[in-house]
Amino acid sequence: MTMPPDSSEVTDTDPHPTQALDDTVHQRHRLGILTITAEAERVEFTYLRDMLTLTGGNLSRHLAVLAEAGLIDVTKGYEGRRPRTWIAITPAGRDALAAELRALEALVLRHRRKPDA
Amino acid sequence: MAEFARDRETGHPEQLLADLTRIRGAVRRDRQANAFPLLAFGALTLASAPLYLDSIGPDTLRPQHENPVLAALGGDLLQNSEAIGWYWLAALLIGYLGTLGWYRRRALKVGVQTPTRNYLIAGIFGVLGGLALGPVLQFLATGTSTSVSEAVRLVFFPIYALLYLGLIPVLVVAVGLLVLARLERSRLLAIAGGLLVASLALAPVYVNTAPFGDDFPSVGYLPTVLLPALVLLTAGVIATTRARRTHA
């Protein structure tokens with residue numbers, strides 16, 4: 001008797017999970033920025049810089065890419081005399097992060113089942 | 001987080017996911033500031049204890065209180081119910097606004113802000129709900145058909161008991177902590193909120209079964225507020241110790 005294939009089994013006809021990875025989000029530091037901002041209402045520029053141990057310029061470039069894609073909102077202001085830049089994730093950013101994590105998990109699953117995939 | 005920040009191409013997805021989980025945990029630890037609400041509400045609960053001194057005892061027929069609407073949080077059973085109502089109205093406002101201020105201050109200091117809007121909403125609805133609870137339950141229990149009023153008395157008996165004993169404000173505190181636990185993803189806050197609810201559930205049981213008989217002492221009601229205060233202060237001390245260890 002032939003058993004139906006397990007729905008969780010990886011088959012050659014399934015699209016490879018890497019196809020679901022988004023270049024804008026997948027970059028390691030941008031993924032870090034989205035992960036951190038998804039955990040809070042808003043995050044200060046210096047916190048992100050220190051957490052990811054990036055230079056200010058490097059972080060600014062990554063933020064510009066994410067802001068241009070509509071994945072984060074950047075708000076500049078003052079707290080007393082001190083200038084502050086706050087970063088908040090947008091709903092589109094949350095969706096993009098969730099999709100990226102799903103794709104990564106699918107990739108891990110596929111790798112475990114077919115180590116040479 | 002140096003491992004995460006190392007300038008390299010995105011490596012193995014499993015390693016990347018593990019790094020992201022680590023970074024998520026670090027952000028959660030950084031934004032947690034739950035020692036303040038636990039200690040503040042613990043101190044406010046402890047400070048309310050003298051108001052719960054009552055020399056009459058639970059089984060004695062008492063004159064009906066006609067407390068102002070804004071003092072409704074104190075219920076209408078205890079001798080000092082009006083004072084309890086006014087005290088808790090002020091204490092809840094101070095506690096909730098103080099907590100919101102503390103989280104804002106903490107966000108400015110650390111650079112990562114917890115979303116506290118739902119906590120504020122819980123506080124507003126908690127206080128307004130606590131004030132409206134007495135008249136609403138009274139209407140449902142007496143101004144409706146017999147079957148409805150019987151059902152209301154049966155279903156809401158625990159709430160009635162807390163209302164009479166002036167303990168609804170502590171329930172408002174517990175709800176706020178549980179909302180904050182969800183926002184902070186804090187297990188400690190969730191446990192403290194759960195224990196607070198459990199201690200409230202014990203209060204009517206204790207009052208109805210306390211072996212004082214006709215000699216109900218004036219301190220007889222104190223355990224109903226001292227136990228919640230103890231829960232809050234103990235959790236606050238644990239939160240403070242943990243925060244010091246984390247940021248040491």
# chains A, B, ... in the order shown; residues from 1 in each chain; ligands from 1
$ select_by_dssp --residues "segment 3-116 of chain A" --states "alpha helix (DSSP H)" --output "PyMOL selection string"
chain A and resi 23-26+28-38+45-51+56-68+91-113
$ atom_distance --atom1 "atom CA of Glu41 of chain A" --atom2 "atom CA of Thr75 of chain A"
12.5 Å
$ interface_residues --of "chain A" --to "chain B" --cutoff "8 Å" --atoms "only C-alpha atoms" --output "short mmCIF file (atom, residue, chain, number, x, y, z; two decimals) with N, CA and C atoms, in the first residue's frame"
data_model
loop_
_atom_site.label_atom_id
_atom_site.label_comp_id
_atom_site.auth_asym_id
_atom_site.auth_seq_id
_atom_site.Cartn_x
_atom_site.Cartn_y
_atom_site.Cartn_z
N HIS A 26 17.36 40.95 4.65
CA HIS A 26 18.22 39.80 4.98
C HIS A 26 19.62 40.21 5.43
N GLN A 27 20.07 41.38 5.02
CA GLN A 27 21.40 41.82 5.44
C GLN A 27 21.47 41.77 6.97
N ARG A 28 22.57 41.21 7.46
CA ARG A 28 22.68 40.88 8.89
C ARG A 28 22.35 42.05 9.84
N HIS A 29 22.92 43.21 9.58
CA HIS A 29 22.69 44.33 10.50
C HIS A 29 21.28 44.89 10.37
N GLY A 32 19.14 42.79 12.30
CA GLY A 32 19.33 43.12 13.71
C GLY A 32 18.54 44.36 14.10
N THR A 35 14.89 43.47 14.28
CA THR A 35 14.62 42.62 15.46
C THR A 35 14.57 43.46 16.73
N ILE A 36 15.51 44.38 16.87
CA ILE A 36 15.56 45.21 18.08
C ILE A 36 14.35 46.15 18.13
N GLU A 39 11.00 44.84 19.23
CA GLU A 39 10.84 44.52 20.66
C GLU A 39 10.47 45.73 21.50
N ALA A 40 10.36 46.89 20.88
CA ALA A 40 10.12 48.10 21.67
C ALA A 40 9.22 49.05 20.91
N GLU A 41 8.70 50.05 21.64
CA GLU A 41 7.89 51.06 20.96
C GLU A 41 8.78 51.91 20.06
N ARG A 42 9.94 52.29 20.59
CA ARG A 42 10.94 53.00 19.80
C ARG A 42 12.30 52.81 20.45
N VAL A 43 13.33 52.99 19.64
CA VAL A 43 14.68 52.73 20.10
C VAL A 43 15.56 53.91 19.69
N GLU A 44 16.47 54.30 20.59
CA GLU A 44 17.33 55.43 20.29
C GLU A 44 18.51 55.01 19.41
N PHE A 45 18.96 55.94 18.59
CA PHE A 45 20.06 55.68 17.64
C PHE A 45 21.29 55.12 18.35
N THR A 46 21.67 55.73 19.47
CA THR A 46 22.90 55.29 20.15
C THR A 46 22.75 53.88 20.73
N TYR A 47 21.52 53.53 21.13
CA TYR A 47 21.30 52.17 21.65
C TYR A 47 21.54 51.16 20.54
N MET A 51 24.45 48.43 20.53
CA MET A 51 24.01 47.03 20.53
C MET A 51 24.60 46.27 19.34
N LEU A 52 24.66 46.91 18.20
CA LEU A 52 25.15 46.24 16.99
C LEU A 52 26.62 46.52 16.75
N THR A 53 27.23 47.29 17.67
CA THR A 53 28.62 47.75 17.54
C THR A 53 28.96 48.17 16.10
N LEU A 54 28.17 49.13 15.64
CA LEU A 54 28.39 49.72 14.32
C LEU A 54 28.91 51.14 14.50
N LEU A 101 11.94 35.77 9.05
CA LEU A 101 12.19 34.74 10.06
C LEU A 101 11.56 33.40 9.64
N LEU A 104 13.86 31.92 7.08
CA LEU A 104 15.07 31.37 7.70
C LEU A 104 14.78 30.04 8.40
N GLU A 105 13.62 30.00 9.08
CA GLU A 105 13.25 28.76 9.77
C GLU A 105 13.01 27.64 8.76
N LEU A 107 14.43 27.39 5.92
CA LEU A 107 15.76 27.04 5.41
C LEU A 107 16.46 26.07 6.36
N VAL A 108 16.34 26.38 7.65
CA VAL A 108 16.96 25.51 8.67
C VAL A 108 16.31 24.12 8.61
#
$ atom_distance --atom1 "atom CA of Asp22 of chain A" --atom2 "atom CA of Glu100 of chain A"
6.9 Å
$ closest_residue --among "B:Pro217, B:Leu162, B:Leu222, B:Ala33" --to "Arg106 of chain B" --atoms "only C-alpha atoms"
B:Ala33
$ atom_distance --atom1 "atom CA of Leu131 of chain B" --atom2 "atom CA of Leu167 of chain B"
12.1 Å
$ residues_around --residues "Pro37 of chain B" --least-positions-apart "4" --cutoff "9 Å" --atoms "only C-alpha atoms" --output "PyMOL selection string"
chain B and resi 33+41-42+95-96+98-99+102+177+232+236
$ residues_around --residues "Val74 of chain A" --least-positions-apart "4" --cutoff "9 Å" --atoms "only C-alpha atoms" --output "NGL selection string"
:A and (63-64 or 67 or 85-89)
$ residues_around --residues "Arg187 of chain B" --least-positions-apart "3" --cutoff "12 Å" --atoms "only C-alpha atoms" --output "PDB file with C-alpha atoms, in the first residue's frame"
ATOM      1  CA  ARG B  28      13.903  42.704  26.668  1.00  0.00           C
ATOM      2  CA  ARG B  29      16.270  42.731  29.630  1.00  0.00           C
ATOM      3  CA  GLN B  32      12.485  45.916  31.745  1.00  0.00           C
ATOM      4  CA  ASN B  34       9.380  46.433  36.645  1.00  0.00           C
ATOM      5  CA  LEU B 177       0.694  44.264  36.462  1.00  0.00           C
ATOM      6  CA  LEU B 178      -0.597  41.445  34.246  1.00  0.00           C
ATOM      7  CA  VAL B 179      -0.935  43.884  31.320  1.00  0.00           C
ATOM      8  CA  LEU B 180       2.584  45.144  32.019  1.00  0.00           C
ATOM      9  CA  ALA B 181       3.836  41.548  32.195  1.00  0.00           C
ATOM     10  CA  ARG B 182       2.490  40.960  28.699  1.00  0.00           C
ATOM     11  CA  LEU B 183       4.023  44.189  27.376  1.00  0.00           C
ATOM     12  CA  GLU B 184       7.389  43.482  28.980  1.00  0.00           C
ATOM     13  CA  ALA B 190       3.128  37.628  35.497  1.00  0.00           C
ATOM     14  CA  ILE B 191       3.835  35.496  38.579  1.00  0.00           C
ATOM     15  CA  ALA B 192       3.466  38.525  40.884  1.00  0.00           C
ATOM     16  CA  GLY B 193       0.151  39.457  39.214  1.00  0.00           C
ATOM     17  CA  GLY B 194      -1.090  35.854  39.496  1.00  0.00           C
ATOM     18  CA  ALA B 235       8.522  40.575  43.908  1.00  0.00           C
ATOM     19  CA  ALA B 239      13.152  42.532  40.496  1.00  0.00           C
TER      20      ALA B 239
END
